[in-house]
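Student: This is structure-v1.cif (mmCIF, C-alpha atoms and all ligand atoms).
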```
data_run
#
loop_
_atom_site.label_atom_id
_atom_site.label_comp_id
_atom_site.auth_asym_id
_atom_site.auth_seq_id
_atom_site.Cartn_x
_atom_site.Cartn_y
_atom_site.Cartn_z
CA MET W 1 125.90 118.03 108.13
CA ARG W 2 122.14 118.52 108.28
CA ILE W 3 121.62 115.12 106.62
CA ALA W 4 123.76 113.32 109.19
CA ARG W 5 121.72 114.86 112.02
CA LEU W 6 118.54 113.61 110.44
CA LEU W 7 119.73 110.03 110.72
CA GLY W 8 119.13 110.22 114.45
CA PHE W 9 115.44 110.73 113.83
CA ALA W 10 114.69 107.03 113.40
CA VAL W 11 115.91 106.39 116.93
CA ILE W 12 113.53 109.02 118.35
CA LEU W 13 110.73 107.71 116.19
CA SER W 14 111.11 104.18 117.48
CA LEU W 15 110.56 105.46 121.01
CA VAL W 16 107.35 107.33 120.26
CA PHE W 17 105.72 105.33 117.50
CA ASP W 18 103.08 102.90 118.61
CA PRO W 19 100.28 102.84 116.08
CA ALA W 20 98.71 99.56 117.20
CA GLN W 21 97.92 99.09 113.56
CA GLY W 22 97.24 96.05 111.44
CA GLN W 23 96.10 92.70 112.65
CA ALA W 24 98.01 91.33 115.55
CA THR W 25 98.66 87.63 115.47
CA ASP W 26 99.91 85.43 118.24
CA SER W 27 103.40 85.12 116.71
CA SER W 28 106.10 87.59 117.71
CA GLN W 29 106.71 88.47 114.05
CA GLY W 30 103.03 89.19 113.66
CA ASN W 31 103.23 91.56 116.60
CA LEU W 32 106.35 93.16 115.21
CA HIS W 33 104.61 93.71 111.88
CA ALA W 34 101.58 95.25 113.58
CA ARG W 35 103.79 97.50 115.73
CA SER W 36 105.82 98.72 112.75
CA LEU W 37 105.13 101.67 110.52
CA LEU W 38 104.71 100.07 107.07
CA VAL W 39 105.31 102.32 104.09
CA ASP W 40 105.05 101.19 100.48
CA ALA W 41 106.74 103.84 98.34
CA HIS W 42 105.20 102.84 95.02
CA ASN W 43 101.85 101.36 93.97
CA ASP W 44 100.18 101.77 90.55
CA VAL W 45 96.57 100.96 91.42
CA LEU W 46 95.49 104.54 90.72
CA ALA W 47 96.46 104.53 87.04
CA SER W 48 95.84 100.84 86.38
CA ALA W 49 92.49 100.33 88.14
CA LEU W 50 90.96 103.44 89.72
CA MET W 51 91.25 105.42 86.46
CA ARG W 52 89.23 102.62 84.85
CA GLY W 53 86.35 103.06 87.24
CA ARG W 54 87.32 100.53 89.90
CA LYS W 55 86.77 101.61 93.51
CA LEU W 56 89.46 101.14 96.14
CA GLU W 57 86.81 100.36 98.77
CA ASP W 58 85.45 97.47 96.70
CA ASP W 59 86.76 93.92 96.84
CA LEU W 60 89.18 93.97 93.90
CA ARG W 61 90.55 90.46 94.36
CA GLY W 62 91.20 88.95 90.94
CA LYS W 63 91.14 92.44 89.39
CA ALA W 64 93.95 94.30 91.17
CA HIS W 65 96.68 93.65 93.74
CA THR W 66 95.31 96.44 95.90
CA ASP W 67 92.13 97.43 97.72
CA LEU W 68 91.41 99.08 101.07
CA ASP W 69 90.57 95.87 102.94
CA ARG W 70 93.70 94.11 101.78
CA LEU W 71 95.89 97.14 102.55
CA GLN W 72 94.56 96.90 106.10
CA GLN W 73 95.13 93.14 106.23
CA GLY W 74 98.71 93.72 105.06
CA GLY W 75 99.28 96.24 107.84
CA VAL W 76 100.08 99.01 105.32
CA ASN W 77 100.07 102.37 107.12
CA VAL W 78 101.36 104.61 104.35
CA GLN W 79 100.74 104.10 100.64
CA VAL W 80 102.33 106.22 97.98
CA PHE W 81 99.87 106.28 95.09
CA SER W 82 101.71 106.69 91.82
CA VAL W 83 100.31 109.20 89.32
CA TRP W 84 101.49 107.80 86.01
CA CYS W 85 100.95 108.21 82.30
CA GLY W 86 103.07 106.81 79.48
CA GLU W 87 105.10 108.07 76.56
CA LYS W 88 102.16 109.20 74.48
CA PHE W 89 102.01 112.10 76.94
CA THR W 90 105.72 112.91 76.56
CA HIS W 91 105.12 116.15 74.67
CA GLU W 92 101.66 117.25 75.76
CA GLY W 93 98.70 116.38 77.91
CA GLY W 94 100.71 114.97 80.81
CA PHE W 95 99.85 117.77 83.23
CA ARG W 96 96.12 117.47 82.56
CA GLU W 97 96.30 113.70 82.93
CA ALA W 98 98.19 114.03 86.24
CA ASN W 99 95.47 116.35 87.53
CA ARG W 100 92.72 113.95 86.42
CA GLN W 101 94.40 111.17 88.39
CA ILE W 102 94.81 113.37 91.47
CA ASP W 103 91.08 114.22 91.13
CA VAL W 104 90.23 110.50 91.22
CA LEU W 105 92.47 109.90 94.24
CA GLU W 106 90.88 112.86 96.04
CA GLU W 107 87.41 111.48 95.32
CA THR W 108 88.53 108.09 96.60
CA ILE W 109 89.79 109.66 99.83
CA ARG W 110 86.61 111.74 100.23
CA ARG W 111 84.41 108.65 99.89
CA ASN W 112 86.55 106.83 102.45
CA SER W 113 87.48 109.66 104.79
CA GLY W 114 87.04 107.45 107.84
CA ARG W 115 89.66 105.05 106.55
CA MET W 116 92.24 107.12 104.67
CA ALA W 117 93.67 110.64 104.51
CA LEU W 118 95.89 112.55 102.12
CA VAL W 119 99.14 113.50 103.85
CA THR W 120 101.74 116.01 102.73
CA ASP W 121 104.21 116.09 105.62
CA ALA W 122 105.53 113.83 108.35
CA SER W 123 103.33 115.19 111.14
CA GLY W 124 100.20 114.75 109.02
CA LEU W 125 101.38 111.27 108.19
CA MET W 126 101.80 110.33 111.83
CA ARG W 127 98.43 111.88 112.72
CA ALA W 128 96.64 109.79 110.10
CA VAL W 129 98.42 106.63 111.22
CA LYS W 130 97.58 107.25 114.88
CA GLN W 131 93.92 107.67 113.88
CA GLY W 132 94.11 104.23 112.30
CA LYS W 133 93.80 105.61 108.77
CA LEU W 134 95.77 104.76 105.68
CA ALA W 135 98.06 107.74 105.02
CA ALA W 136 97.92 108.39 101.27
CA VAL W 137 100.88 110.13 99.62
CA ILE W 138 100.89 111.31 96.00
CA GLY W 139 103.96 110.45 93.90
CA VAL W 140 104.14 111.67 90.29
CA GLU W 141 106.00 109.16 88.10
CA GLY W 142 107.49 110.98 85.13
CA GLY W 143 108.82 114.51 84.64
CA HIS W 144 106.89 114.79 81.36
CA MET W 145 103.84 115.63 83.50
CA ILE W 146 105.25 119.09 84.30
CA GLU W 147 105.52 119.83 80.55
CA GLU W 148 108.78 121.80 80.96
CA ARG W 149 107.09 124.32 83.27
CA LEU W 150 108.14 125.09 86.83
CA ASP W 151 104.70 126.58 87.53
CA TYR W 152 103.21 123.17 86.72
CA LEU W 153 105.65 121.62 89.20
CA ASP W 154 104.50 124.14 91.81
CA SER W 155 100.87 123.36 90.97
CA LEU W 156 101.31 119.59 91.42
CA HIS W 157 103.07 120.25 94.73
CA ALA W 158 100.20 122.50 95.80
CA ARG W 159 97.77 119.67 95.06
CA GLY W 160 99.77 117.44 97.40
CA ALA W 161 102.29 115.64 95.19
CA ARG W 162 105.32 114.87 97.33
CA TYR W 163 107.66 113.09 94.96
CA LEU W 164 108.44 113.47 91.30
CA THR W 165 110.19 110.61 89.54
CA LEU W 166 112.32 112.66 87.15
CA THR W 167 111.67 110.32 84.24
CA TRP W 168 109.65 107.22 83.58
CA ASN W 169 110.98 104.97 80.76
CA ASN W 170 110.54 107.87 78.33
CA SER W 171 113.33 110.44 78.27
CA ILE W 172 112.27 114.08 78.24
CA SER W 173 113.94 117.25 77.01
CA TRP W 174 115.62 117.86 80.37
CA ALA W 175 116.45 114.34 81.66
CA SER W 176 117.41 110.98 80.16
CA SER W 177 115.86 107.71 81.32
CA ALA W 178 117.64 104.47 82.21
CA GLN W 179 115.86 102.68 79.38
CA ASP W 180 117.00 105.16 76.74
CA GLU W 181 120.53 105.61 78.09
CA VAL W 182 120.99 101.82 77.84
CA LEU W 183 118.81 100.71 74.90
CA ARG W 184 118.58 103.81 72.67
CA PRO W 185 121.54 106.08 73.52
CA ARG W 186 121.59 107.62 70.03
CA SER W 187 118.00 108.81 70.40
CA LEU W 188 118.90 111.13 73.28
CA ARG W 189 118.80 114.89 72.85
CA THR W 190 120.00 115.41 76.42
CA ARG W 191 122.12 112.96 78.36
CA GLY W 192 121.75 113.53 82.09
CA LEU W 193 120.14 116.74 83.31
CA SER W 194 119.91 119.89 81.21
CA ASP W 195 120.15 123.32 82.83
CA PHE W 196 116.36 123.33 83.09
CA GLY W 197 116.53 119.87 84.72
CA LYS W 198 118.90 121.28 87.34
CA ARG W 199 116.41 124.09 88.01
CA VAL W 200 113.69 121.46 88.51
CA ILE W 201 115.82 119.76 91.20
CA ALA W 202 116.55 123.11 92.88
CA ARG W 203 112.85 124.00 92.87
CA MET W 204 111.88 120.58 94.26
CA ASN W 205 114.43 121.02 97.07
CA GLU W 206 112.96 124.45 97.82
CA LEU W 207 109.38 123.20 97.79
CA GLY W 208 110.15 120.13 99.85
CA MET W 209 109.26 117.61 97.17
CA LEU W 210 111.26 114.38 97.18
CA VAL W 211 113.53 113.83 94.18
CA ASP W 212 112.83 110.28 92.99
CA LEU W 213 115.63 108.77 90.91
CA SER W 214 114.02 105.44 90.00
CA HIS W 215 113.83 105.05 86.19
CA THR W 216 116.48 107.73 85.56
CA GLY W 217 119.62 106.90 83.60
CA ASP W 218 123.01 106.79 85.31
CA SER W 219 123.93 110.21 83.86
CA THR W 220 120.75 111.79 85.21
CA PHE W 221 121.28 110.07 88.55
CA TRP W 222 124.79 111.46 89.00
CA ASP W 223 123.83 114.95 87.79
CA ALA W 224 120.99 115.01 90.31
CA MET W 225 123.11 113.66 93.17
CA ALA W 226 125.70 116.36 92.55
CA ILE W 227 123.21 119.15 93.29
CA ALA W 228 120.61 117.54 95.60
CA LYS W 229 120.32 119.51 98.85
CA ARG W 230 117.97 117.08 100.54
CA PRO W 231 117.94 113.28 100.83
CA VAL W 232 116.70 111.56 97.67
CA ILE W 233 114.49 108.53 97.19
CA LEU W 234 114.55 105.61 94.81
CA SER W 235 110.87 104.76 95.02
CA HIS W 236 111.02 101.37 93.29
CA SER W 237 114.47 100.05 92.28
CA SER W 238 116.57 97.04 93.27
CA ALA W 239 120.28 96.05 93.22
CA TYR W 240 122.14 95.74 89.90
CA ALA W 241 124.83 93.49 91.39
CA LEU W 242 122.19 90.80 91.97
CA CYS W 243 120.14 91.40 88.81
CA ALA W 244 121.85 93.33 86.01
CA HIS W 245 118.82 95.25 84.74
CA TYR W 246 119.03 98.90 83.72
CA ARG W 247 116.28 99.73 86.21
CA ASN W 248 118.47 98.67 89.13
CA LEU W 249 121.17 100.53 91.06
CA LYS W 250 124.88 99.88 90.80
CA ASP W 251 127.01 99.66 93.94
CA GLU W 252 128.47 103.16 93.58
CA GLN W 253 124.96 104.58 93.24
CA ILE W 254 123.78 102.72 96.35
CA LYS W 255 126.73 104.11 98.32
CA ALA W 256 126.05 107.62 97.03
CA VAL W 257 122.43 107.44 98.22
CA ALA W 258 123.72 106.42 101.65
CA ARG W 259 126.10 109.42 101.77
CA ASN W 260 123.18 111.67 100.81
CA GLY W 261 121.00 110.22 103.62
CA GLY W 262 118.42 108.91 101.15
CA VAL W 263 116.53 105.64 100.85
CA ILE W 264 116.29 102.91 98.20
CA CYS W 265 112.86 101.26 98.20
CA VAL W 266 113.28 97.81 96.70
CA ASN W 267 111.08 96.85 93.75
CA PHE W 268 109.35 93.45 93.95
CA TYR W 269 109.08 92.77 90.18
CA SER W 270 110.46 89.31 89.29
CA ALA W 271 112.29 90.76 86.27
CA TYR W 272 114.23 93.18 88.51
CA ILE W 273 115.14 90.75 91.26
CA ASP W 274 115.73 87.45 89.42
CA PRO W 275 118.55 87.52 86.84
CA SER W 276 117.16 84.40 85.13
CA TYR W 277 113.65 85.82 84.62
CA ASN W 278 114.02 87.59 81.28
CA GLY W 279 115.78 84.58 79.71
CA LYS W 280 113.00 82.29 80.89
CA VAL W 281 110.36 84.61 79.43
CA LYS W 282 112.11 84.63 76.04
CA ALA W 283 112.50 80.83 76.15
CA LEU W 284 108.70 80.58 76.01
CA LEU W 285 108.92 81.58 72.33
CA THR W 286 110.58 78.29 71.49
CA ARG W 287 108.18 76.32 73.66
CA TYR W 288 105.10 77.84 71.96
CA PRO W 289 106.41 78.53 68.43
CA SER W 290 103.11 78.77 66.55
CA GLU W 291 101.51 81.08 69.11
CA ALA W 292 104.70 83.18 69.16
CA ASP W 293 104.62 83.46 65.36
CA SER W 294 101.05 84.70 65.33
CA LEU W 295 101.89 87.31 67.99
CA ARG W 296 104.83 88.62 65.95
CA SER W 297 102.57 90.70 63.71
CA THR W 298 101.35 92.84 66.63
CA LEU W 299 104.23 92.74 69.14
CA SER W 300 107.68 94.07 68.33
CA SER W 301 110.05 92.43 70.80
CA ASP W 302 110.64 88.84 71.87
CA TYR W 303 110.22 89.95 75.45
CA ALA W 304 106.78 91.47 74.74
CA ILE W 305 105.74 88.26 72.99
CA GLY W 306 106.98 86.26 75.97
CA ILE W 307 104.96 88.42 78.38
CA ARG W 308 101.86 87.87 76.21
CA LEU W 309 102.51 84.11 76.24
CA LEU W 310 102.66 84.26 80.04
CA GLN W 311 99.17 85.78 80.05
CA MET W 312 97.95 82.96 77.80
CA HIS W 313 99.57 80.28 79.97
CA PRO W 314 98.97 81.07 83.66
CA GLY W 315 100.74 77.88 84.75
CA GLU W 316 103.96 79.11 83.12
CA ALA W 317 103.56 82.53 84.74
CA GLU W 318 103.20 80.90 88.14
CA ALA W 319 106.32 78.78 87.60
CA LEU W 320 108.41 81.80 86.61
CA ARG W 321 107.71 83.85 89.73
CA ALA W 322 110.91 84.66 91.63
CA PRO W 323 111.34 83.09 95.06
CA LEU W 324 110.63 85.47 97.94
CA SER W 325 114.17 84.79 99.21
CA LEU W 326 115.54 86.70 96.19
CA LEU W 327 113.63 89.83 97.17
CA ILE W 328 115.08 89.53 100.67
CA ASP W 329 118.54 89.10 99.08
CA HIS W 330 118.17 92.54 97.43
CA ILE W 331 117.14 94.18 100.71
CA ASP W 332 120.00 92.41 102.47
CA TYR W 333 122.52 93.42 99.81
CA ILE W 334 121.65 97.12 100.02
CA ALA W 335 121.56 97.01 103.83
CA ARG W 336 125.04 95.47 103.94
CA LEU W 337 126.52 97.81 101.35
CA ALA W 338 124.91 101.07 102.43
CA GLY W 339 123.68 100.41 105.95
CA VAL W 340 120.25 99.40 107.17
CA ASP W 341 119.20 103.09 107.29
CA HIS W 342 119.02 103.30 103.50
CA VAL W 343 116.67 100.53 102.35
CA GLY W 344 112.89 100.38 102.19
CA LEU W 345 110.00 98.89 100.21
CA GLY W 346 108.60 100.06 96.85
CA SER W 347 106.42 97.16 95.76
CA ASP W 348 105.24 98.24 92.30
CA PHE W 349 102.00 96.34 93.03
CA ASP W 350 99.51 96.85 90.19
CA GLY W 351 102.36 98.01 87.96
CA VAL W 352 104.00 94.64 87.30
CA ASN W 353 102.86 91.27 86.00
CA SER W 354 105.08 88.97 88.07
CA LEU W 355 105.65 89.09 91.81
CA PRO W 356 107.67 86.83 94.09
CA ARG W 357 106.03 83.59 95.16
CA GLY W 358 103.85 84.21 98.20
CA LEU W 359 103.50 87.93 97.52
CA ASP W 360 100.18 87.79 95.69
CA ASP W 361 98.90 91.19 96.74
CA VAL W 362 99.17 93.95 99.34
CA SER W 363 97.86 91.68 102.10
CA ASP W 364 101.10 89.68 101.97
CA PHE W 365 103.50 92.29 103.42
CA PRO W 366 103.72 90.37 106.75
CA LYS W 367 105.62 87.65 104.88
CA ILE W 368 108.44 90.14 104.29
CA THR W 369 108.64 90.91 108.00
CA ARG W 370 108.80 87.20 108.76
CA ALA W 371 111.51 86.61 106.14
CA LEU W 372 113.63 89.51 107.45
CA LYS W 373 113.46 88.11 110.97
CA GLU W 374 114.48 84.71 109.63
CA ARG W 375 117.52 86.41 108.04
CA GLY W 376 118.57 87.60 111.46
CA TYR W 377 117.48 91.24 111.39
CA SER W 378 116.65 92.75 114.77
CA ASP W 379 113.22 94.21 115.44
CA GLU W 380 114.65 97.74 115.23
CA GLU W 381 116.29 97.01 111.87
CA VAL W 382 113.10 95.49 110.48
CA LYS W 383 111.16 98.60 111.51
CA LYS W 384 113.63 100.83 109.70
CA ILE W 385 113.28 98.79 106.51
CA LEU W 386 109.49 98.57 106.69
CA GLY W 387 108.95 102.30 106.97
CA GLU W 388 111.05 104.38 109.33
CA ASN W 389 113.74 105.02 106.72
CA PHE W 390 111.15 106.37 104.29
CA LEU W 391 109.65 108.50 107.04
CA ARG W 392 113.06 109.99 107.86
CA VAL W 393 113.57 111.03 104.23
CA PHE W 394 109.98 112.26 103.91
CA ARG W 395 110.41 114.41 107.01
CA ALA W 396 113.78 115.74 105.86
CA ASN W 397 112.16 116.96 102.66
CA THR W 398 108.81 118.23 103.91
CA ALA W 399 109.64 119.57 107.38
CA GLY W 400 110.42 123.14 106.36
CA PRO W 401 112.54 125.41 104.22
CA LEU W 402 116.10 124.61 103.28
CA PRO W 403 118.70 126.06 105.62
CA ALA W 404 120.08 129.32 104.25
CA ALA W 405 123.29 129.12 102.27
CA GLY W 406 126.33 129.05 104.53
CA GLN W 407 124.62 127.18 107.36
CA PRO W 408 125.93 123.67 108.03
ZN ZN W 501 107.85 102.61 87.48
#
```
Represent the structure contained in this file as structure tokens.

Tutor:
Amino acid sequence: MRIARLLGFAVILSLVFDPAQGQATDSSQGNLHARSLLVDAHNDVLASALMRGRKLEDDLRGKAHTDLDRLQQGGVNVQVFSVWCGEKFTHEGGFREANRQIDVLEETIRRNSGRMALVTDASGLMRAVKQGKLAAVIGVEGGHMIEERLDYLDSLHARGARYLTLTWNNSISWASSAQDEVLRPRSLRTRGLSDFGKRVIARMNELGMLVDLSHTGDSTFWDAMAIAKRPVILSHSSAYALCAHYRNLKDEQIKAVARNGGVICVNFYSAYIDPSYNGKVKALLTRYPSEADSLRSTLSSDYAIGIRLLQMHPGEAEALRAPLSLLIDHIDYIARLAGVDHVGLGSDFDGVNSLPRGLDDVSDFPKITRALKERGYSDEEVKKILGENFLRVFRANTAGPLPAAGQP
């Protein structure tokens, strides 16, 4: 199988990759971190801060989890910038909004061309990293942004987008989301992929655009896996067995991604890694009953009220952060179930309001390296998790045309 052959790539990579990136420290883990290719498969700073006029080259401490200096401090070599817009764009305007966001990312890269570069394939990625630049990848989060048009998909690919998350939380006419399949199943017009949805996957496989199955419902996931001709990605999802949230992957899904040669990039959000988090957020309503009552007129769910209460009480928010060990548990679980070749990192920085203790922003990635070493992972295994697995999947998708039908 073509996919099985690709698995050997990580071995070759580890022999040739020596970026001398990041800030070396005198500890061996620090050196390991600096020697490793670090890829974060999902960051929302573009939509949440840069679209509001913030500049990535500015010091955004206190305003965002991400800026260029802190990415460098964290040893991040490759950042996937998520192009995202919400459900108000479900039916129209999504394509224009996606293009506006890509415009802003392009301007950001132009202003900082000595420090970052847009990359669209694995060789360009490696070139940027060897030059000491941040390799920027565009990921489009939500199939609504192609507005049911394959020519729009082609256009986003031509502008450099290299993954499409089939759905965000909002289902679309051709694919159902995890949130809707679980919370609003009766609202669905299509469960799983429609015929058009299957054509989207086929076109993405032809173009060499990674199929991202984070946020998709189980039905969509299995429909996509049945026809995917290249390795898939889960850009920011964790393990359901450890935290039973609809955004996470069940064991059979994790094993299926391994058989496909894909990679699951673990999400850092406290609500997706700590099974007690949502209950603790809702418990705030009984601790602050009068504030909760006054919020009820504007917020519909107890969970939304709880999140608002967390913003009003920073001490509570700090106490509710998941321990970093839980994030490592998710990585460890997927590595044990599927193999260490199928797990990576998809932080969701600047897209979530609670991160594990110690992971305050993008400068804290070295703490993950340290924690993985403390769990007993070898240097080679840590390097796979930090970025080589993503690179393998990225290369398998972007390296060239699909083999002709009939070839192995
Ligand atoms: Zn997301």

Student: Residues at most 12 Å from Asp360 of chain W, counting all atoms listed in the file, excluding those fewer than 2 positions away in the same chain, as a PyMOL selection string?

Tutor: chain W and resi 61-66+70+74+268-269+318+321-322+324+347+349-350+352-358+362-367

Student: Can you tell me which residues come within 12 Å of ligand ZN 501 (chain W) when counting all atoms listed in the file, ideally as a ChimeraX atom specification?

Tutor: /W:41-44,47,81-86,139-142,164-170,177-179,212-216,234-238,247-248,265-269,272,346-352

Student: Rank W:Leu320, W:Thr286, W:Asp293, W:Glu106 by their smallest atom-to-atom distance to Ala271 of chain W, using only C-alpha atoms, and report the top residue only.

Tutor: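 Of W:Leu320, W:Thr286, W:Asp293, W:Glu106, the one nearest Ala271 of chain W, counting only C-alpha atoms, is W:Leu320.
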
Student: Can you work out which one of W:Ser28, W:Ser194, W:Ser325, W:Thr298 has the shortest atom-to-atom distance to Ile368 of chain W, counting all atoms listed in the file?

Tutor: W:Ser325

Student: Residues at most 10 Å from Arg375 of chain W, counting all atoms listed in the file, excluding those fewer than 2 positions away in the same chain, as a ChimeraX atom specification?

Tutor: /W:325,328-329,332,369-373,377-378

Student: W:Asn31, W:Glu291, W:Arg296, W:Leu38: which is nearest Met126 of chain W, counting only C-alpha atoms?

Tutor: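 Nearest candidate to Met126 of chain W out of W:Asn31, W:Glu291, W:Arg296, W:Leu38: W:Leu38.
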
Student: Skip segment 299-309 of chain W itself and residues of its chain fewer than 5 positions away, then list as a PyMOL selection string all residues within 12 Å of it, counting only C-alpha atoms.

Tutor: chain W and resi 271+277-294+314-317+320+352-354

Student: Output C-alpha atoms of each residue in that selection to a file, as a compact mmCIF listing (two decimals), keeping the file's coordinate frame.

Tutor:
```txt
# COMPACT_ATOMS: atom_id res chain seq x y z
CA ALA W 271 112.29 90.76 86.27
CA TYR W 277 113.65 85.82 84.62
CA ASN W 278 114.02 87.59 81.28
CA GLY W 279 115.78 84.58 79.71
CA LYS W 280 113.00 82.29 80.89
CA VAL W 281 110.36 84.61 79.43
CA LYS W 282 112.11 84.63 76.04
CA ALA W 283 112.50 80.83 76.15
CA LEU W 284 108.70 80.58 76.01
CA LEU W 285 108.92 81.58 72.33
CA THR W 286 110.58 78.29 71.49
CA ARG W 287 108.18 76.32 73.66
CA TYR W 288 105.10 77.84 71.96
CA PRO W 289 106.41 78.53 68.43
CA SER W 290 103.11 78.77 66.55
CA GLU W 291 101.51 81.08 69.11
CA ALA W 292 104.70 83.18 69.16
CA ASP W 293 104.62 83.46 65.36
CA SER W 294 101.05 84.70 65.33
CA PRO W 314 98.97 81.07 83.66
CA GLY W 315 100.74 77.88 84.75
CA GLU W 316 103.96 79.11 83.12
CA ALA W 317 103.56 82.53 84.74
CA LEU W 320 108.41 81.80 86.61
CA VAL W 352 104.00 94.64 87.30
CA ASN W 353 102.86 91.27 86.00
CA SER W 354 105.08 88.97 88.07
```

Student: Neighbouring residues of Met145 of chain W were defined as those with any atom within 7 Å, considering only C-alpha atoms; residues of the same chain fewer than 5 positions away were excluded. Please report them as number ranges by chain.

Tutor: W: 94-95, 98

Student: Of the residues W:Glu181, W:Arg111, W:Arg199, W:Arg162, which is the one nearest to Glu148 of chain W, using all atoms listed in the file?

Tutor: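 Using all atoms listed in the file, Glu148 of chain W sits closest to W:Arg199.
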
Student: To one decimal place, how far is atom CA of Asn397 of chain W from atom CA of Ala239 of chain W in Å?

Tutor: 24.3 Å

Student: What is the distance between atom CA of Ile273 of chain W and atom CA of Ala34 of chain W, in Å to one decimal?

Tutor: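 Result for atom CA of Ile273 of chain W versus atom CA of Ala34 of chain W: 26.5 Å, one decimal.
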
Student: To one decimal in Å, tell me the separation between atom CA of Val45 of chain W and atom CA of Ala258 of chain W.

Tutor: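 Going from atom CA of Val45 of chain W over to atom CA of Ala258 of chain W covers 29.5 Å.
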
Student: Can you pull out the residues contacting Thr398 of chain W? Cut-off 12 Å, using all atoms listed in the file, and skip same-chain residues under 2 positions away; I want them as a PyMOL selection string.

Tutor: chain W and resi 119-125+157+160-163+204-211+230-231+391-396+400-402

Student: Measuring between only C-alpha atoms, which one of W:Asp69, W:Asp103, W:Glu381, W:Glu97 shows the shortest distance to Leu56 of chain W?

Tutor: W:Asp69
